[in-house]
Every structure is written in C-alpha cells, then in structure tokens.
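Okay, so here's the structure we're looking at.
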Amino acid sequence: MYFIEIENVVKRFANHLALDNVSLNITKGKIFGLLGPNGAGKTTLIRIINRITAPDSGSVRIDGVSLQPADIFRMGYLPEERGLYKKMKVGEQAMYFARLKGLTKAVAEERLKAWFKKFDIMPWWNRRLEELSKGMQQKVQFIITLIHQPDLLIFDEPFSGFDPINADLLKNEMLELKNSGCTLIFSTHNMVSVEEICDEIALIDKAKVILSGNIRDVKNKYRENIFRVSVSGFSDVAENDLYSIISSVSNDYNTELHIRKRATVSNTELLTALSQQYEIHSFNEVLPSMHDIFVRAVNGEIK
C-alpha cells in the first residue's frame, strides 16, 4: 500500500480545468518531486492534499483512508506565497503557529529554540519579522512548517529566495527528515534540486500527468545511448555499424569523445570495439538530465 494515493482527481475553476483525472501514488518515507510549467495544476493538487480545497471528483487517501479533517495535523505545508506577519516578533509568532498545531507552550518553546539555534537565527527571536532578510524569513517559515513533527511535509517552491549555501542547508534538512521516516512532496522549477534529492517525480502539464515514476527509472527510460569516452591515440573514424561520433575534443594528453551507440549494440560490445582501437581512460554513459526530460516531455517529444 502506498502512503498517499491520488485517484482520478478532477478540479475546475469557472471555465478552467485545473486537474484532469490525475492519479498518483507516493511512497512512504520518500521525497516526491511535483514538476510542471506554471499553471500546470501543481499548486491546485497540493491544496487538495492539504484540504484547503476539495476535488470535484476523485479521491485522495492517506494510509488507505480517505482524507479526514484531522489529517491536517499530520501535515506541514510551506506555500509559495509565504504567510508570516511582518510586524510581529519572530519568536512570538513561531510560538503562535506551533500552539495552533497542538503543541504545549513548553514543548513548542523547546523545539523552536533548538531549531533557531540550528539555523543560526536565535539572535532574532525578539526582532520583528520585517527586520529579517528574505532568506532568514524563509528559514523561520520552514521551521514553523515542521515543528509539530508531521508525517507529511509539503513544500511549494521551497528554495525560492535562498542563496546557494542556504539552499544546500535546506536540502540537507529535507534529506534528514526523509531518513527519519517523513514523507516529503515538493513542487519546484529547479531541476538540479530534483536530481539531488528526489526519489520519485511526477510531471504535470495542462492539468494531466504526462510522466511519473522513480527518478532513476525515468532517466533510464529516456536514455539516448550516448557515452562520454576519454581515449588516447584518436584519429578521425568513419561511420561504422556500432557507433557514431557526435563530437571530439583533443588536448596534449587525450581526446574526449561523445559517442552515440547503435540501439542493438551492448555496452560490452561498444567498449570492446573501442579498446581495440584506442587506449581507454574513462567510459561513462551520459543519461539525460531531468531538465532535458522536462523540456522534451512538455514539448511533446517523448511520451
């Protein structure tokens, strides 16, 4: 059984079809990337999972049971549009939101101060939120999102506004949360982040799921039989029955080749043929990036 099962969800707004029979399964204890162009329907799906809005038809189940009002206490949600109070003191409003999520005052204060120290923002506890940088404000909201230790964390563009150092900090925390058994869903346009931390993905375009699965399986499915090979002793080679050379770059020591293998040729056959012609220094298959797969799928080049 999957942790979250989304089945045939449909949602309309006036004359706009936001989700069209969307079905997804999300595994417990994994990081799930929800991808797609602007307006594809990602945020609508997130709001349905959060019970902010309801589907017109279809169902969402957690642990095999249809969504219930009490399930919101099992979730933490960080929306793309941040919702903190600019004039309120940082610690005061963090306590306020933690209490709303069912924590006692003592437990809330203990957990919050531990996280504030971890994120190096404890000196700002008694300062107004508007005095903090955007990145520091987002650290506060990230802490508030997970302070009640939910089973499910949902992040909508969590890396927006973060510099590379703090983005890495956030990614590491997300990986630690996964390792502790938490399930994470996050929507993003940052394909590098997807490759770094996601276990599974779904790509939504024009209200439909057009691609989904384990990220390694998705990349393998759309591999193009391209290899990066470093050799010495290279000279121009005519077309042959095993491979074609896409490009070659030489220096004083070796030549780096980009090779496209024929579809019926095994990796072993390719390596054997190359080793009979050259001294091989390295041999690696070049799998497509998630960025490339995203663009090709949205443009209708792959199914």
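By order in the structure tokens, chains are A, B, ...; within a chain, residues start at 1; ligands start at 1, following the order shown.
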Residues within 12 Å of Asn251 (chain A), only C-alpha atoms, excluding chain neighbours under 3 positions, as number ranges by chain: A: 230-234, 248, 254-257
Env of region 266-280 of chain A: 12 Å cut, atoms = only C-alpha atoms, seq-sep filter 4 positions within chain, self excluded. Answer as a ChimeraX atom specification. /A:225-237,240-245,253-257,259-262,284-285
At a cut-off of 12 Å, using only C-alpha atoms, what residues contact Asp199 (chain A)? Leave out same-chain residues fewer than 2 positions from it and give the result as a ChimeraX atom specification. /A:26-34,175,178,183-186,193-197,201-202,212-219
So that I can check the secondary structure, give me every residue of region 220-269 of chain A assigned alpha helix (DSSP H) by backbone DSSP, as a PyMOL selection string. chain A and resi 220-221+267-269
Minimum-distance residue to Gly64 (chain A), chosen among A:Asp252, A:Glu224, A:Glu130, A:Glu7 (using only C-alpha atoms): A:Glu7
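Residues in contact range of Leu84 (chain A), defined as at most 10 Å between only C-alpha atoms, with sequence neighbours fewer than 4 positions away removed, read A:Met88, A:Val90, A:Gln93, A:Ala94, A:Phe97, A:Leu129, A:Glu130, A:Gln137, A:Gln138, A:Val140, A:Gln141, A:Ile144.
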Output of the above residues as a short mmCIF file (atom, residue, chain, number, x, y, z; two decimals), in the first residue's frame, restricted to all heavy atoms:
data_model
loop_
_atom_site.label_atom_id
_atom_site.label_comp_id
_atom_site.auth_asym_id
_atom_site.auth_seq_id
_atom_site.Cartn_x
_atom_site.Cartn_y
_atom_site.Cartn_z
N MET A 88 5.07 41.40 13.55
CA MET A 88 5.07 40.58 14.76
C MET A 88 6.48 40.07 15.04
O MET A 88 7.26 39.82 14.12
CB MET A 88 4.11 39.41 14.56
CG MET A 88 3.69 38.68 15.79
SD MET A 88 2.37 37.48 15.35
CE MET A 88 2.09 36.73 16.94
N VAL A 90 9.48 37.58 15.78
CA VAL A 90 9.74 36.28 15.18
C VAL A 90 9.39 35.14 16.14
O VAL A 90 8.62 34.23 15.80
CB VAL A 90 11.21 36.18 14.75
CG1 VAL A 90 11.53 34.77 14.27
CG2 VAL A 90 11.52 37.20 13.66
N GLN A 93 5.51 34.85 16.99
CA GLN A 93 4.62 34.22 16.01
C GLN A 93 4.98 32.77 15.74
O GLN A 93 4.10 31.95 15.45
CB GLN A 93 4.55 35.02 14.71
CG GLN A 93 5.78 35.12 13.88
CD GLN A 93 5.49 35.93 12.61
OE1 GLN A 93 4.58 35.61 11.85
NE2 GLN A 93 6.25 37.00 12.41
N ALA A 94 6.25 32.40 15.90
CA ALA A 94 6.60 30.99 15.80
C ALA A 94 5.91 30.19 16.89
O ALA A 94 5.38 29.10 16.65
CB ALA A 94 8.12 30.82 15.89
N PHE A 97 2.10 29.85 15.95
CA PHE A 97 1.80 28.82 14.97
C PHE A 97 2.03 27.42 15.54
O PHE A 97 1.30 26.47 15.23
CB PHE A 97 2.63 29.03 13.71
CG PHE A 97 2.12 30.12 12.82
CD1 PHE A 97 2.83 31.30 12.66
CD2 PHE A 97 0.91 29.99 12.15
CE1 PHE A 97 2.36 32.32 11.85
CE2 PHE A 97 0.43 31.00 11.33
CZ PHE A 97 1.15 32.17 11.18
N LEU A 129 9.68 40.47 12.24
CA LEU A 129 9.99 39.70 11.04
C LEU A 129 10.50 40.60 9.91
O LEU A 129 11.40 40.20 9.16
CB LEU A 129 8.73 38.95 10.56
CG LEU A 129 9.01 37.97 9.41
CD1 LEU A 129 9.56 36.67 9.96
CD2 LEU A 129 7.75 37.70 8.58
N GLU A 130 9.98 41.80 9.78
CA GLU A 130 10.37 42.68 8.69
C GLU A 130 11.84 43.09 8.77
O GLU A 130 12.40 43.59 7.79
CB GLU A 130 9.48 43.93 8.68
CG GLU A 130 9.60 44.79 9.91
CD GLU A 130 8.60 45.94 9.91
OE1 GLU A 130 7.84 46.07 8.93
OE2 GLU A 130 8.57 46.71 10.90
N GLN A 137 13.72 34.94 6.78
CA GLN A 137 12.28 34.78 6.97
C GLN A 137 11.84 33.39 6.53
O GLN A 137 11.01 32.75 7.17
CB GLN A 137 11.51 35.84 6.18
CG GLN A 137 11.67 37.25 6.73
CD GLN A 137 10.87 38.26 5.92
OE1 GLN A 137 9.85 37.94 5.33
NE2 GLN A 137 11.35 39.50 5.89
N GLN A 138 12.41 32.91 5.44
CA GLN A 138 12.02 31.60 4.94
C GLN A 138 12.54 30.48 5.83
O GLN A 138 11.93 29.42 5.93
CB GLN A 138 12.47 31.44 3.49
CG GLN A 138 11.70 32.37 2.58
CD GLN A 138 11.97 32.15 1.10
OE1 GLN A 138 11.65 32.99 0.31
NE2 GLN A 138 12.53 31.03 0.72
N VAL A 140 12.58 30.78 9.05
CA VAL A 140 11.57 30.78 10.12
C VAL A 140 10.34 30.01 9.67
O VAL A 140 9.80 29.17 10.41
CB VAL A 140 11.19 32.23 10.50
CG1 VAL A 140 10.03 32.22 11.50
CG2 VAL A 140 12.38 32.96 11.09
N GLN A 141 9.88 30.26 8.44
CA GLN A 141 8.68 29.58 7.97
C GLN A 141 8.92 28.08 7.79
O GLN A 141 8.04 27.27 8.05
CB GLN A 141 8.20 30.19 6.65
CG GLN A 141 6.87 29.63 6.17
CD GLN A 141 5.86 30.69 5.84
OE1 GLN A 141 6.21 31.83 5.62
NE2 GLN A 141 4.60 30.30 5.81
N ILE A 144 8.59 26.58 11.23
CA ILE A 144 7.18 26.54 11.63
C ILE A 144 6.45 25.39 10.93
O ILE A 144 5.58 24.74 11.51
CB ILE A 144 6.50 27.89 11.34
CG1 ILE A 144 7.05 28.97 12.28
CG2 ILE A 144 4.98 27.79 11.48
CD1 ILE A 144 6.62 30.38 11.91
#
Quick one: everything within 6 Å of Val10 (chain A), counting only C-alpha atoms, minus sequence neighbours fewer than 2 positions away in the same chain. Send it as a ChimeraX atom specification. /A:19-21,55-57
Include N, CA, C and O atoms and write out the residues we just selected as a short mmCIF file (atom, residue, chain, number, x, y, z; two decimals), in the first residue's frame.
data_model
loop_
_atom_site.label_atom_id
_atom_site.label_comp_id
_atom_site.auth_asym_id
_atom_site.auth_seq_id
_atom_site.Cartn_x
_atom_site.Cartn_y
_atom_site.Cartn_z
N LEU A 19 -7.19 20.30 -13.02
CA LEU A 19 -6.70 18.93 -12.92
C LEU A 19 -7.66 18.02 -13.67
O LEU A 19 -8.88 18.08 -13.48
N ASP A 20 -7.09 17.17 -14.51
CA ASP A 20 -7.90 16.32 -15.40
C ASP A 20 -7.57 14.86 -15.16
O ASP A 20 -6.62 14.32 -15.72
N ASN A 21 -8.36 14.22 -14.28
CA ASN A 21 -8.18 12.80 -13.97
C ASN A 21 -6.75 12.46 -13.57
O ASN A 21 -6.11 11.55 -14.10
N PRO A 55 -11.59 18.27 -4.34
CA PRO A 55 -11.73 17.94 -5.77
C PRO A 55 -13.19 17.91 -6.18
O PRO A 55 -14.08 17.66 -5.35
N ASP A 56 -13.46 18.15 -7.44
CA ASP A 56 -14.82 17.99 -7.96
C ASP A 56 -15.19 16.51 -8.03
O ASP A 56 -16.34 16.13 -7.84
N SER A 57 -14.20 15.69 -8.32
CA SER A 57 -14.38 14.24 -8.31
C SER A 57 -13.03 13.59 -8.10
O SER A 57 -11.99 14.23 -8.20
#
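From CA of Met191 (chain A) back to CA of Leu287 (chain A), the distance works out to 14.3 Å.
Looking only at region 82-165 of chain A, the set that DSSP places in strand (DSSP E) from backbone geometry is Leu152, Leu153, Ile154, Phe155 and Asp156 of chain A.
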Produce a file of the selected residues containing N, CA, C and O atoms, as a tab-separated table (two decimals), in the first residue's frame.
chain	number	residue	atom	x	y	z
A	152	LEU	N	3.84	14.04	6.97
A	152	LEU	CA	3.91	14.51	5.59
A	152	LEU	C	4.26	15.98	5.55
A	152	LEU	O	3.62	16.80	6.21
A	153	LEU	N	5.29	16.32	4.80
A	153	LEU	CA	5.70	17.71	4.60
A	153	LEU	C	5.53	18.07	3.13
A	153	LEU	O	5.96	17.32	2.24
A	154	ILE	N	4.89	19.21	2.88
A	154	ILE	CA	4.62	19.65	1.51
A	154	ILE	C	5.22	21.04	1.33
A	154	ILE	O	4.87	21.98	2.05
A	155	PHE	N	6.12	21.17	0.36
A	155	PHE	CA	6.80	22.42	0.11
A	155	PHE	C	6.52	22.88	-1.32
A	155	PHE	O	6.73	22.13	-2.27
A	156	ASP	N	6.07	24.12	-1.46
A	156	ASP	CA	5.82	24.70	-2.78
A	156	ASP	C	6.93	25.71	-3.07
A	156	ASP	O	7.01	26.75	-2.42
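Between Ile46 (chain A) and the residues A:Lys139, A:Glu131, A:Ile246, A:Glu157, the shortest atom-to-atom distance, using only C-alpha atoms, involves A:Glu157.
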Between CA of Glu110 (chain A) and CA of Ala70 (chain A), what is the spacing in Å? 24.5 Å
Non-local contacts of Ile6 (chain A) (6 Å; only C-alpha atoms; under 6 positions in same chain excluded) as a count of residues only: 4
Which is closest to Phe142 (chain A) among A:Met174, A:Ile302, A:Val249, A:Ala54, if we use only C-alpha atoms? A:Met174
Could you pull the residues within 9 Å of Ile147 (chain A), counting only C-alpha atoms, minus those fewer than 5 positions along the same chain, as number ranges by chain? A: 76, 98, 101, 103, 108, 111-112, 115, 142
